[in-house]
file entry_19.txt (compact mmCIF, C-alpha atoms)
# COMPACT_ATOMS: atom_id res chain seq x y z
CA MET I 1 -80.43 -44.34 7.65
CA ASN I 2 -79.22 -41.97 10.36
CA LEU I 3 -75.86 -42.68 11.95
CA SER I 4 -77.02 -41.03 15.15
CA THR I 5 -78.96 -44.16 16.13
CA GLY I 6 -75.91 -45.37 18.02
CA ILE I 7 -75.50 -42.24 20.15
CA GLU I 8 -78.11 -40.98 22.50
CA GLY I 9 -79.15 -37.34 22.29
CA SER I 10 -77.44 -36.55 19.00
CA VAL I 11 -80.54 -35.29 17.20
CA GLU I 12 -81.94 -33.16 20.01
CA ASP I 13 -78.57 -31.60 20.83
CA ALA I 14 -77.61 -30.73 17.25
CA PRO I 15 -77.31 -26.96 16.64
CA GLU I 16 -79.33 -25.19 13.97
CA ARG I 17 -77.43 -25.81 10.75
CA ALA I 18 -79.84 -26.58 7.90
CA ASP I 19 -78.34 -23.65 6.00
CA ALA I 20 -74.77 -23.05 7.15
CA SER I 21 -73.66 -20.60 4.49
CA VAL I 22 -70.86 -18.20 5.42
CA ARG I 23 -71.84 -14.59 4.76
CA ALA I 24 -68.77 -12.76 6.04
CA VAL I 25 -65.27 -13.48 7.33
CA CYS I 26 -63.12 -11.18 9.46
CA LEU I 27 -59.44 -11.89 10.12
CA GLU I 28 -57.14 -10.01 12.47
CA SER I 29 -53.40 -10.76 12.61
CA PHE I 30 -54.04 -14.26 11.27
CA ARG I 31 -51.11 -15.74 9.31
CA ASN I 32 -50.11 -13.09 6.73
CA TYR I 33 -53.37 -11.11 7.10
CA ASP I 34 -53.21 -7.88 9.08
CA ARG I 35 -56.93 -7.15 8.76
CA LEU I 36 -59.46 -8.60 6.33
CA ASP I 37 -63.21 -8.20 6.03
CA LEU I 38 -64.71 -10.19 3.19
CA GLU I 39 -68.23 -11.16 2.16
CA LEU I 40 -68.65 -14.50 0.38
CA SER I 41 -71.12 -15.73 -2.19
CA SER I 42 -73.50 -18.43 -1.00
CA GLY I 43 -72.41 -20.44 -4.05
CA PHE I 44 -68.89 -20.92 -5.37
CA ASN I 45 -66.02 -18.63 -4.39
CA VAL I 46 -62.73 -18.80 -6.28
CA LEU I 47 -59.56 -17.38 -4.69
CA ALA I 48 -56.80 -17.03 -7.24
CA GLY I 49 -53.22 -15.89 -6.81
CA GLU I 50 -49.59 -16.91 -6.75
CA ASN I 51 -48.27 -19.24 -4.07
CA ALA I 52 -47.54 -17.90 -0.56
CA GLN I 53 -49.92 -14.95 -0.93
CA GLY I 54 -52.58 -16.09 1.56
CA LYS I 55 -55.05 -18.32 -0.30
CA THR I 56 -54.56 -21.35 1.94
CA ASN I 57 -54.42 -19.08 5.00
CA PHE I 58 -57.92 -17.84 4.21
CA LEU I 59 -59.16 -21.40 3.76
CA GLU I 60 -57.50 -22.32 7.05
CA ALA I 61 -59.42 -19.58 8.86
CA LEU I 62 -62.71 -21.12 7.72
CA TYR I 63 -61.48 -24.57 8.71
CA LEU I 64 -60.51 -23.23 12.15
CA ALA I 65 -64.00 -21.78 12.66
CA SER I 66 -65.47 -25.15 11.73
CA THR I 67 -63.19 -27.56 13.62
CA ALA I 68 -61.29 -25.41 16.17
CA ARG I 69 -58.13 -26.82 14.57
CA LEU I 70 -55.55 -25.44 12.20
CA LEU I 71 -55.56 -27.02 8.78
CA ARG I 72 -51.86 -27.76 8.79
CA GLY I 73 -51.60 -29.23 12.29
CA GLN I 74 -49.17 -26.66 13.65
CA LYS I 75 -49.08 -24.94 17.00
CA ASP I 76 -51.78 -22.33 17.41
CA SER I 77 -49.17 -19.63 18.05
CA GLU I 78 -47.71 -20.19 14.58
CA ALA I 79 -50.92 -18.83 13.04
CA ILE I 80 -50.46 -15.47 14.78
CA ARG I 81 -49.02 -12.80 12.49
CA GLU I 82 -45.42 -11.93 13.21
CA GLY I 83 -45.22 -8.93 15.53
CA SER I 84 -48.65 -9.58 17.08
CA ASP I 85 -49.58 -11.29 20.33
CA ARG I 86 -53.07 -12.29 19.30
CA ALA I 87 -55.00 -13.42 16.24
CA ALA I 88 -58.75 -13.56 15.73
CA VAL I 89 -61.06 -15.23 13.22
CA SER I 90 -64.74 -14.31 13.04
CA VAL I 91 -67.29 -15.95 10.74
CA GLU I 92 -70.92 -14.92 10.30
CA ILE I 93 -73.32 -17.64 9.15
CA GLN I 94 -76.52 -16.85 7.30
CA PRO I 95 -79.49 -16.73 7.44
CA GLN I 96 -79.53 -16.89 11.25
CA GLY I 97 -76.70 -14.36 11.61
CA THR I 98 -74.83 -16.67 13.98
CA LYS I 99 -71.28 -15.49 14.65
CA ILE I 100 -68.44 -17.89 15.49
CA GLY I 101 -65.25 -16.40 16.89
CA ILE I 102 -61.88 -18.02 17.55
CA SER I 103 -59.01 -16.15 19.20
CA LEU I 104 -55.42 -17.30 19.45
CA GLU I 105 -53.00 -15.80 21.97
CA ARG I 106 -49.37 -16.52 22.59
CA GLY I 107 -48.87 -18.49 25.78
CA ALA I 108 -52.59 -19.17 26.24
CA ARG I 109 -55.19 -21.65 25.05
CA LYS I 110 -57.38 -20.69 22.12
CA ARG I 111 -60.81 -19.40 22.99
CA ALA I 112 -64.10 -19.55 21.16
CA THR I 113 -67.22 -17.44 21.22
CA LEU I 114 -70.72 -17.89 19.85
CA ASN I 115 -72.59 -14.65 19.19
CA GLY I 116 -70.10 -12.88 21.44
CA LEU I 117 -70.52 -15.23 24.41
CA GLY I 118 -67.54 -17.29 25.54
CA LEU I 119 -67.75 -21.07 25.18
CA PRO I 120 -66.29 -23.45 27.82
CA ARG I 121 -64.02 -25.07 25.22
CA ALA I 122 -62.93 -24.09 21.75
CA ALA I 123 -64.14 -27.50 20.54
CA ASP I 124 -67.70 -26.46 21.38
CA VAL I 125 -67.89 -24.66 18.02
CA ILE I 126 -67.72 -28.01 16.23
CA GLY I 127 -70.96 -28.74 14.40
CA ARG I 128 -71.95 -25.08 13.98
CA LEU I 129 -70.29 -24.81 10.57
CA PRO I 130 -69.92 -28.31 9.10
CA CYS I 131 -67.30 -28.42 6.37
CA VAL I 132 -65.46 -30.88 4.18
CA CYS I 133 -61.96 -29.79 3.26
CA VAL I 134 -59.81 -31.32 0.53
CA SER I 135 -56.16 -30.28 0.62
CA SER I 136 -52.67 -31.70 0.30
CA ALA I 137 -52.72 -32.34 4.06
CA ASP I 138 -55.37 -35.02 3.44
CA MET I 139 -52.78 -37.26 1.84
CA ALA I 140 -52.08 -38.33 5.43
CA ILE I 141 -55.31 -40.35 5.23
CA VAL I 142 -53.43 -42.69 2.91
CA ARG I 143 -49.75 -42.11 3.67
CA GLY I 144 -49.86 -41.20 7.33
CA GLU I 145 -50.07 -43.02 10.64
CA PRO I 146 -53.20 -44.67 12.10
CA SER I 147 -53.61 -41.56 14.27
CA ASP I 148 -54.06 -39.46 11.10
CA ARG I 149 -56.86 -41.71 9.88
CA ARG I 150 -58.55 -41.74 13.30
CA LEU I 151 -58.35 -37.93 13.33
CA PHE I 152 -60.14 -37.86 9.97
CA LEU I 153 -62.93 -40.03 11.36
CA ASP I 154 -63.22 -38.12 14.62
CA LEU I 155 -63.34 -34.70 12.97
CA GLU I 156 -65.95 -35.71 10.40
CA LEU I 157 -68.19 -37.51 12.90
CA SER I 158 -67.86 -34.82 15.57
CA GLY I 159 -69.01 -32.26 13.01
CA LEU I 160 -72.09 -34.33 12.20
CA TYR I 161 -73.07 -35.48 15.69
CA PRO I 162 -72.49 -33.43 18.87
CA ALA I 163 -73.03 -36.56 20.98
CA TYR I 164 -70.13 -38.27 19.19
CA LEU I 165 -67.89 -35.42 20.29
CA ARG I 166 -69.09 -35.85 23.89
CA HIS I 167 -68.32 -39.57 23.81
CA LEU I 168 -64.91 -38.83 22.31
CA THR I 169 -64.09 -36.21 24.94
CA LEU I 170 -65.12 -38.44 27.85
CA TYR I 171 -63.35 -41.46 26.38
CA LYS I 172 -60.10 -39.52 26.05
CA ARG I 173 -60.39 -38.25 29.62
CA ALA I 174 -60.87 -41.77 30.96
CA LEU I 175 -58.00 -43.04 28.78
CA GLU I 176 -55.67 -40.37 30.18
CA GLN I 177 -56.61 -41.33 33.74
CA ARG I 178 -56.05 -45.04 33.09
CA ASN I 179 -52.70 -44.35 31.44
CA ALA I 180 -51.66 -42.26 34.45
CA LEU I 181 -52.49 -45.20 36.71
CA LEU I 182 -50.46 -47.50 34.47
CA ARG I 183 -47.44 -45.24 34.78
CA ASP I 184 -47.83 -45.07 38.55
CA SER I 185 -48.11 -48.86 38.66
CA ARG I 186 -44.53 -49.30 37.52
CA GLU I 187 -43.50 -48.56 41.08
CA GLY I 188 -46.16 -50.81 42.57
CA MET I 189 -49.43 -52.09 41.15
CA ARG I 190 -52.41 -49.93 41.97
CA PRO I 191 -55.54 -51.56 43.45
CA CYS I 192 -58.12 -52.78 40.93
CA GLU I 193 -60.65 -50.39 42.43
CA GLN I 194 -58.67 -47.46 41.02
CA PHE I 195 -58.81 -48.82 37.48
CA GLU I 196 -62.40 -50.00 37.38
CA PRO I 197 -64.27 -46.64 37.20
CA TRP I 198 -62.12 -45.42 34.30
CA GLU I 199 -62.33 -48.74 32.49
CA GLU I 200 -66.12 -48.73 32.79
CA GLN I 201 -66.21 -45.25 31.25
CA MET I 202 -63.84 -46.32 28.49
CA ALA I 203 -66.00 -49.34 27.71
CA HIS I 204 -69.20 -47.30 27.57
CA HIS I 205 -67.89 -44.43 25.46
CA GLY I 206 -65.47 -46.57 23.45
CA ILE I 207 -68.11 -48.94 22.09
CA ALA I 208 -70.35 -45.97 21.22
CA LEU I 209 -67.48 -44.47 19.20
CA ARG I 210 -66.68 -47.74 17.50
CA ASN I 211 -70.29 -48.47 16.57
CA VAL I 212 -70.80 -45.08 14.92
CA ARG I 213 -67.48 -45.35 13.09
CA LEU I 214 -68.52 -48.75 11.75
CA GLU I 215 -71.90 -47.42 10.58
CA PHE I 216 -70.16 -44.49 8.93
CA LEU I 217 -67.75 -46.81 7.11
CA ASP I 218 -70.67 -48.94 5.92
CA ARG I 219 -71.81 -45.89 3.96
CA LEU I 220 -68.44 -44.35 3.21
CA SER I 221 -66.98 -47.37 1.44
CA PRO I 222 -69.66 -47.82 -1.28
CA ALA I 223 -69.92 -44.06 -1.81
CA SER I 224 -66.13 -43.84 -2.16
CA THR I 225 -66.27 -46.70 -4.65
CA ARG I 226 -68.76 -44.79 -6.82
CA TYR I 227 -66.72 -41.61 -6.85
CA HIS I 228 -63.48 -43.46 -7.43
CA ALA I 229 -65.03 -45.24 -10.41
CA HIS I 230 -66.09 -41.84 -11.73
CA ILE I 231 -62.77 -39.98 -11.40
CA GLY I 232 -60.30 -42.87 -11.20
CA ALA I 233 -58.72 -45.00 -13.92
CA GLY I 234 -60.94 -48.04 -13.63
CA GLU I 235 -59.52 -49.52 -10.43
CA SER I 236 -61.81 -50.50 -7.58
CA ILE I 237 -61.44 -49.00 -4.11
CA SER I 238 -62.57 -50.30 -0.73
CA VAL I 239 -62.43 -48.56 2.65
CA GLY I 240 -62.52 -50.73 5.75
CA TYR I 241 -62.40 -50.38 9.52
CA VAL I 242 -59.57 -52.17 11.32
CA ARG I 243 -60.19 -53.04 14.98
CA ARG I 244 -57.15 -53.78 17.13
CA ASP I 245 -59.17 -55.91 19.53
CA ASP I 246 -62.24 -58.14 19.24
CA ALA I 247 -64.55 -56.30 21.67
CA GLN I 248 -68.00 -55.64 20.24
CA THR I 249 -69.90 -54.84 23.45
CA GLU I 250 -69.26 -52.73 26.53
CA GLU I 251 -68.75 -55.85 28.63
CA GLU I 252 -66.25 -57.30 26.18
CA LEU I 253 -64.24 -54.10 26.10
CA ARG I 254 -64.33 -53.78 29.89
CA LEU I 255 -63.03 -57.34 30.26
CA ALA I 256 -60.35 -56.69 27.63
CA LEU I 257 -59.16 -53.64 29.56
CA GLN I 258 -59.17 -55.58 32.81
CA GLY I 259 -57.22 -58.44 31.29
CA SER I 260 -54.60 -56.21 29.70
CA ARG I 261 -53.51 -54.32 32.82
CA ASP I 262 -50.27 -56.21 33.42
CA VAL I 263 -49.22 -56.01 29.77
CA ASP I 264 -50.24 -52.35 29.58
CA VAL I 265 -48.09 -51.49 32.59
CA TYR I 266 -45.11 -53.00 30.78
CA ARG I 267 -45.99 -51.22 27.52
CA GLY I 268 -46.73 -47.92 29.23
CA GLY I 269 -50.13 -47.41 27.58
CA THR I 270 -53.58 -48.87 26.99
CA SER I 271 -53.70 -51.49 24.25
CA PRO I 272 -57.44 -52.30 23.77
CA GLY I 273 -59.94 -49.70 22.60
CA PRO I 274 -60.92 -47.55 19.62
CA HIS I 275 -57.99 -45.16 20.21
CA ARG I 276 -55.83 -47.78 18.45
CA ASP I 277 -58.18 -48.66 15.57
CA ASP I 278 -57.36 -47.82 11.96
CA LEU I 279 -58.74 -47.50 8.44
CA SER I 280 -57.70 -49.55 5.43
CA LEU I 281 -57.76 -48.18 1.88
CA ASP I 282 -57.26 -50.71 -0.88
CA VAL I 283 -57.10 -49.95 -4.61
CA GLY I 284 -57.35 -52.89 -6.95
CA GLY I 285 -57.19 -55.20 -3.93
CA ARG I 286 -53.84 -53.83 -2.72
CA ASP I 287 -52.97 -51.55 0.19
CA CYS I 288 -52.94 -48.06 -1.31
CA ARG I 289 -50.46 -46.81 1.29
CA LEU I 290 -47.85 -49.41 0.35
CA PHE I 291 -48.55 -50.09 -3.31
CA GLY I 292 -50.53 -47.13 -4.65
CA SER I 293 -48.93 -44.64 -7.01
CA GLN I 294 -49.05 -40.95 -6.15
CA GLY I 295 -51.93 -40.52 -8.58
CA GLN I 296 -53.84 -43.47 -7.12
CA GLN I 297 -53.35 -42.15 -3.59
CA ARG I 298 -54.52 -38.66 -4.54
CA THR I 299 -57.59 -39.99 -6.37
CA SER I 300 -58.44 -42.25 -3.43
CA VAL I 301 -58.35 -39.36 -0.97
CA ILE I 302 -60.55 -37.20 -3.21
CA ALA I 303 -63.05 -40.06 -3.57
CA VAL I 304 -63.21 -40.52 0.21
CA LYS I 305 -63.72 -36.80 0.77
CA LEU I 306 -66.46 -36.56 -1.86
CA ALA I 307 -68.19 -39.52 -0.20
CA THR I 308 -67.94 -37.66 3.11
CA LEU I 309 -69.56 -34.62 1.49
CA GLU I 310 -72.42 -36.79 0.24
CA ILE I 311 -73.02 -38.36 3.66
CA GLY I 312 -72.87 -34.93 5.31
CA ARG I 313 -75.49 -33.63 2.93
CA GLU I 314 -77.78 -36.58 3.67
CA GLU I 315 -77.37 -36.26 7.43
CA LEU I 316 -77.63 -32.48 7.70
CA GLY I 317 -80.29 -31.88 5.08
CA ALA I 318 -77.93 -29.43 3.33
CA PRO I 319 -74.38 -29.79 2.03
CA PRO I 320 -71.50 -28.86 4.33
CA LEU I 321 -69.22 -26.03 3.30
CA LEU I 322 -66.76 -27.41 0.74
CA LEU I 323 -63.14 -26.22 0.87
CA LEU I 324 -60.85 -27.17 -2.04
CA ASP I 325 -57.26 -26.06 -1.58
CA ASP I 326 -55.32 -25.95 -4.85
CA ILE I 327 -56.06 -29.56 -5.77
CA LEU I 328 -57.24 -28.88 -9.31
CA SER I 329 -53.69 -28.17 -10.47
CA ASP I 330 -52.64 -31.65 -9.31
CA LEU I 331 -55.17 -33.37 -11.58
CA ASP I 332 -55.11 -34.04 -15.29
CA GLU I 333 -57.76 -32.37 -17.44
CA ARG I 334 -60.14 -35.37 -17.38
CA ARG I 335 -60.08 -35.78 -13.60
CA ARG I 336 -60.33 -32.02 -13.12
CA GLY I 337 -63.48 -31.90 -15.23
CA LEU I 338 -65.04 -34.85 -13.44
CA LEU I 339 -64.30 -33.36 -10.01
CA VAL I 340 -65.88 -30.07 -11.08
CA GLU I 341 -68.99 -31.97 -12.22
CA VAL I 342 -69.31 -33.69 -8.84
CA ALA I 343 -68.73 -30.46 -6.94
CA LEU I 344 -71.40 -28.64 -8.93
CA GLU I 345 -73.87 -31.45 -8.36
CA HIS I 346 -73.34 -32.05 -4.65
CA ALA I 347 -71.84 -28.92 -3.11
CA GLY I 348 -73.69 -25.90 -1.78
CA GLN I 349 -71.33 -23.14 -0.76
CA ALA I 350 -67.72 -23.78 -1.76
CA VAL I 351 -64.40 -21.97 -1.53
CA LEU I 352 -61.63 -23.14 -3.80
CA THR I 353 -58.12 -21.84 -4.33
CA CYS I 354 -55.96 -21.96 -7.45
CA THR I 355 -53.08 -20.05 -8.95
CA GLU I 356 -55.16 -19.08 -11.99
CA ALA I 357 -58.92 -18.60 -11.84
CA SER I 358 -59.25 -20.36 -15.19
CA ALA I 359 -58.24 -23.63 -13.49
CA ALA I 360 -61.69 -23.70 -11.88
CA GLY I 361 -63.26 -24.24 -15.29
CA GLU I 362 -65.88 -22.33 -17.22
CA ARG I 363 -68.84 -24.06 -15.59
CA ILE I 364 -67.84 -22.89 -12.11
CA LEU I 365 -66.74 -19.43 -13.23
CA GLN I 366 -70.11 -18.74 -14.83
CA ASP I 367 -71.70 -18.12 -11.44
CA ALA I 368 -68.75 -17.92 -9.04
CA ALA I 369 -67.48 -14.92 -7.10
CA VAL I 370 -63.82 -14.56 -8.05
CA TYR I 371 -61.20 -12.92 -5.83
CA HIS I 372 -57.54 -12.13 -6.35
CA VAL I 373 -55.23 -12.76 -3.40
CA GLU I 374 -51.91 -10.98 -3.10
CA GLY I 375 -49.72 -10.31 -0.07
CA GLY I 376 -52.45 -10.85 2.51
CA THR I 377 -55.04 -8.76 0.69
CA VAL I 378 -58.15 -10.00 -1.12
CA ARG I 379 -60.02 -8.04 -3.77
CA ALA I 380 -62.78 -8.86 -6.19
CA ALA I 381 -61.36 -9.81 -9.57
call {"tool": "encode", "arguments": {"input": "entry_19.txt", "output": "structure tokens"}}
result
Amino acid sequence: MNLSTGIEGSVEDAPERADASVRAVCLESFRNYDRLDLELSSGFNVLAGENAQGKTNFLEALYLASTARLLRGQKDSEAIREGSDRAAVSVEIQPQGTKIGISLERGARKRATLNGLGLPRAADVIGRLPCVCVSSADMAIVRGEPSDRRLFLDLELSGLYPAYLRHLTLYKRALEQRNALLRDSREGMRPCEQFEPWEEQMAHHGIALRNVRLEFLDRLSPASTRYHAHIGAGESISVGYVRRDDAQTEEELRLALQGSRDVDVYRGGTSPGPHRDDLSLDVGGRDCRLFGSQGQQRTSVIAVKLATLEIGREELGAPPLLLLDDILSDLDERRRGLLVEVALEHAGQAVLTCTEASAAGERILQDAAVYHVEGGTVRAA
């Protein structure tokens, strides 16, 4: 089953990505790296070193090339090395030799290039290097706000389907325009004719987003259940989609938007639509955010991310790049071994960080490229 059935053009517009293995990475003035040129193995790559030496920074550079976002949700300027005005990340993907470039500059918007040619928006790199990242920041999927869970959905689905990203971009633009009209209406209601074009766009793109999210969750929940049963402690997990309104068709969402104008003026924002939807994660029938232990929450997030990796592999025909940021040290020996088994079975290229290479386990180290990271330098171990 292909999730793209709900979005027109997603198959034809998808970039070449059957084999999206990173061959080389170049960093300039990025975080604590002055200059780095590193070739990666097409299999597992282990980056070992003490904390605050640059392991996560390297992982973040790959994540930036994949999603046009920083891993830790900070301002772009904070990723520029102290004393520099500009940072650059360049990633070469084999076998096509495609090169993705992202540049960050103080006081300016980030820019992206593809094979040296500038792209209209940095977000246009999304989908060229699909990746699934598992890090401590992902705990926001359980502990964070609804916006954190929507961001998870939007990033994963945008990486799989370019048309989803287009719907998301156009929906957000229409939402911003409607919200601007709502703010202006506090000093006198604007004519209906000013709202209607934006509400029609929101209805069209919003239902497309919601439908694909729902299809994705139909696959994500049972896959998460399987992985959770494998690495968890016997509890069941379920992942659900929470709609904040009842609209299931474009017409229903358009009417909901029309009917909410007066209330939305008072509230200062748009109430119906997928921009307010949420995810639910239950473990043992209870809300994991409210009642889950730290261990249950961590295991739930890992299960969800492994399920995402599986779906990505099915959709793309090859596994996305897997990034594991120092999560093995947070797991007991049994869970660590089980996670390694799953990674070996389902991952293609992977980059994982740990303080000691031995934490990766003998099975991974047998064929992995191992690097030592210290003070913004990386060398083969």
call {"tool": "residues_around", "arguments": {"input": "entry_19.txt", "residues": "segment 150-159 of chain I", "least_positions_apart": "2", "cutoff": "7 Å", "atoms": "all atoms listed in the file", "output": "list in words"}}
result
Ile126, Gly127, Pro130, Pro146, Ser147, Asp148, Tyr161, Pro162, Tyr164, Leu165 and Asp278 of chain I
call {"tool": "atom_distance", "arguments": {"input": "entry_19.txt", "atom1": "atom CA of Ser42 of chain I", "atom2": "atom CA of Ile302 of chain I"}}
result
22.9 Å
call {"tool": "atom_distance", "arguments": {"input": "entry_19.txt", "atom1": "atom CA of Ala369 of chain I", "atom2": "atom CA of Val340 of chain I"}}
result
15.7 Å
call {"tool": "residues_around", "arguments": {"input": "entry_19.txt", "residues": "segment 238-250 of chain I", "least_positions_apart": "3", "cutoff": "7 Å", "atoms": "only C-alpha atoms", "output": "PDB file with C-alpha atoms, in the frame of the given file"}}
result
ATOM      1  CA  ALA I 203     -66.000 -49.340  27.710  1.00  0.00           C
ATOM      2  CA  HIS I 204     -69.200 -47.300  27.570  1.00  0.00           C
ATOM      3  CA  ILE I 207     -68.110 -48.940  22.090  1.00  0.00           C
ATOM      4  CA  LEU I 214     -68.520 -48.750  11.750  1.00  0.00           C
ATOM      5  CA  LEU I 217     -67.750 -46.810   7.110  1.00  0.00           C
ATOM      6  CA  SER I 221     -66.980 -47.370   1.440  1.00  0.00           C
ATOM      7  CA  THR I 225     -66.270 -46.700  -4.650  1.00  0.00           C
ATOM      8  CA  LEU I 253     -64.240 -54.100  26.100  1.00  0.00           C
ATOM      9  CA  ARG I 254     -64.330 -53.780  29.890  1.00  0.00           C
ATOM     10  CA  PRO I 272     -57.440 -52.300  23.770  1.00  0.00           C
ATOM     11  CA  GLY I 273     -59.940 -49.700  22.600  1.00  0.00           C
ATOM     12  CA  ARG I 276     -55.830 -47.780  18.450  1.00  0.00           C
ATOM     13  CA  ASP I 277     -58.180 -48.660  15.570  1.00  0.00           C
ATOM     14  CA  ASP I 278     -57.360 -47.820  11.960  1.00  0.00           C
ATOM     15  CA  LEU I 279     -58.740 -47.500   8.440  1.00  0.00           C
ATOM     16  CA  SER I 280     -57.700 -49.550   5.430  1.00  0.00           C
ATOM     17  CA  LEU I 281     -57.760 -48.180   1.880  1.00  0.00           C
ATOM     18  CA  ASP I 282     -57.260 -50.710  -0.880  1.00  0.00           C
ATOM     19  CA  VAL I 283     -57.100 -49.950  -4.610  1.00  0.00           C
TER      20      VAL I 283
END
call {"tool": "closest_residue", "arguments": {"input": "entry_19.txt", "among": "I:Leu71, I:Thr353, I:Arg183, I:Val342", "to": "Thr270 of chain I", "atoms": "all atoms listed in the file"}}
result
I:Arg183
call {"tool": "residues_around", "arguments": {"input": "entry_19.txt", "residues": "Gln53 of chain I", "least_positions_apart": "2", "cutoff": "6 Å", "atoms": "only C-alpha atoms", "output": "list in words"}}
result
Asn51, Glu374, Gly375 and Gly376 of chain I
call {"tool": "closest_residue", "arguments": {"input": "entry_19.txt", "among": "I:Gly284, I:Pro222, I:Pro197, I:Gly259", "to": "Ser236 of chain I", "atoms": "only C-alpha atoms"}}
result
I:Gly284
call {"tool": "atom_distance", "arguments": {"input": "entry_19.txt", "atom1": "atom CA of Pro120 of chain I", "atom2": "atom CA of Ala208 of chain I"}}
result
23.8 Å
call {"tool": "closest_residue", "arguments": {"input": "entry_19.txt", "among": "I:Gly43, I:Gly206, I:Pro320, I:Gly144", "to": "Leu175 of chain I", "atoms": "all atoms listed in the file"}}
result
I:Gly206
call {"tool": "build_atoms", "arguments": {"input": "entry_19.txt", "residues": "segment 187-200 of chain I", "atoms": "N, CA and C atoms", "output": "PDB file, in the coordinates of the input"}}
result
ATOM      1  N   GLU I 187     -44.156 -48.549  39.773  1.00  0.00           N
ATOM      2  CA  GLU I 187     -43.500 -48.560  41.080  1.00  0.00           C
ATOM      3  C   GLU I 187     -44.304 -49.339  42.111  1.00  0.00           C
ATOM      4  N   GLY I 188     -45.318 -50.034  41.662  1.00  0.00           N
ATOM      5  CA  GLY I 188     -46.160 -50.810  42.570  1.00  0.00           C
ATOM      6  C   GLY I 188     -47.579 -50.799  42.071  1.00  0.00           C
ATOM      7  N   MET I 189     -48.128 -51.979  41.782  1.00  0.00           N
ATOM      8  CA  MET I 189     -49.430 -52.090  41.150  1.00  0.00           C
ATOM      9  C   MET I 189     -50.512 -51.405  41.972  1.00  0.00           C
ATOM     10  N   ARG I 190     -51.307 -50.615  41.311  1.00  0.00           N
ATOM     11  CA  ARG I 190     -52.410 -49.930  41.970  1.00  0.00           C
ATOM     12  C   ARG I 190     -53.570 -50.903  42.178  1.00  0.00           C
ATOM     13  N   PRO I 191     -54.385 -50.672  43.206  1.00  0.00           N
ATOM     14  CA  PRO I 191     -55.540 -51.560  43.450  1.00  0.00           C
ATOM     15  C   PRO I 191     -56.493 -51.541  42.255  1.00  0.00           C
ATOM     16  N   CYS I 192     -57.163 -52.667  42.033  1.00  0.00           N
ATOM     17  CA  CYS I 192     -58.120 -52.780  40.930  1.00  0.00           C
ATOM     18  C   CYS I 192     -59.203 -51.712  41.014  1.00  0.00           C
ATOM     19  N   GLU I 193     -59.566 -51.353  42.251  1.00  0.00           N
ATOM     20  CA  GLU I 193     -60.650 -50.390  42.430  1.00  0.00           C
ATOM     21  C   GLU I 193     -60.325 -49.034  41.799  1.00  0.00           C
ATOM     22  N   GLN I 194     -59.033 -48.732  41.639  1.00  0.00           N
ATOM     23  CA  GLN I 194     -58.670 -47.460  41.020  1.00  0.00           C
ATOM     24  C   GLN I 194     -58.837 -47.500  39.509  1.00  0.00           C
ATOM     25  N   PHE I 195     -58.670 -48.675  38.927  1.00  0.00           N
ATOM     26  CA  PHE I 195     -58.810 -48.820  37.480  1.00  0.00           C
ATOM     27  C   PHE I 195     -60.267 -48.920  37.034  1.00  0.00           C
ATOM     28  N   GLU I 196     -61.068 -49.595  37.837  1.00  0.00           N
ATOM     29  CA  GLU I 196     -62.400 -50.000  37.380  1.00  0.00           C
ATOM     30  C   GLU I 196     -63.295 -48.848  36.928  1.00  0.00           C
ATOM     31  N   PRO I 197     -63.372 -47.718  37.658  1.00  0.00           N
ATOM     32  CA  PRO I 197     -64.270 -46.640  37.200  1.00  0.00           C
ATOM     33  C   PRO I 197     -63.876 -46.103  35.825  1.00  0.00           C
ATOM     34  N   TRP I 198     -62.572 -45.948  35.583  1.00  0.00           N
ATOM     35  CA  TRP I 198     -62.120 -45.420  34.300  1.00  0.00           C
ATOM     36  C   TRP I 198     -62.319 -46.444  33.186  1.00  0.00           C
ATOM     37  N   GLU I 199     -62.124 -47.709  33.501  1.00  0.00           N
ATOM     38  CA  GLU I 199     -62.330 -48.740  32.490  1.00  0.00           C
ATOM     39  C   GLU I 199     -63.807 -48.889  32.128  1.00  0.00           C
ATOM     40  N   GLU I 200     -64.689 -48.700  33.088  1.00  0.00           N
ATOM     41  CA  GLU I 200     -66.120 -48.730  32.790  1.00  0.00           C
ATOM     42  C   GLU I 200     -66.503 -47.580  31.862  1.00  0.00           C
TER      43      GLU I 200
END
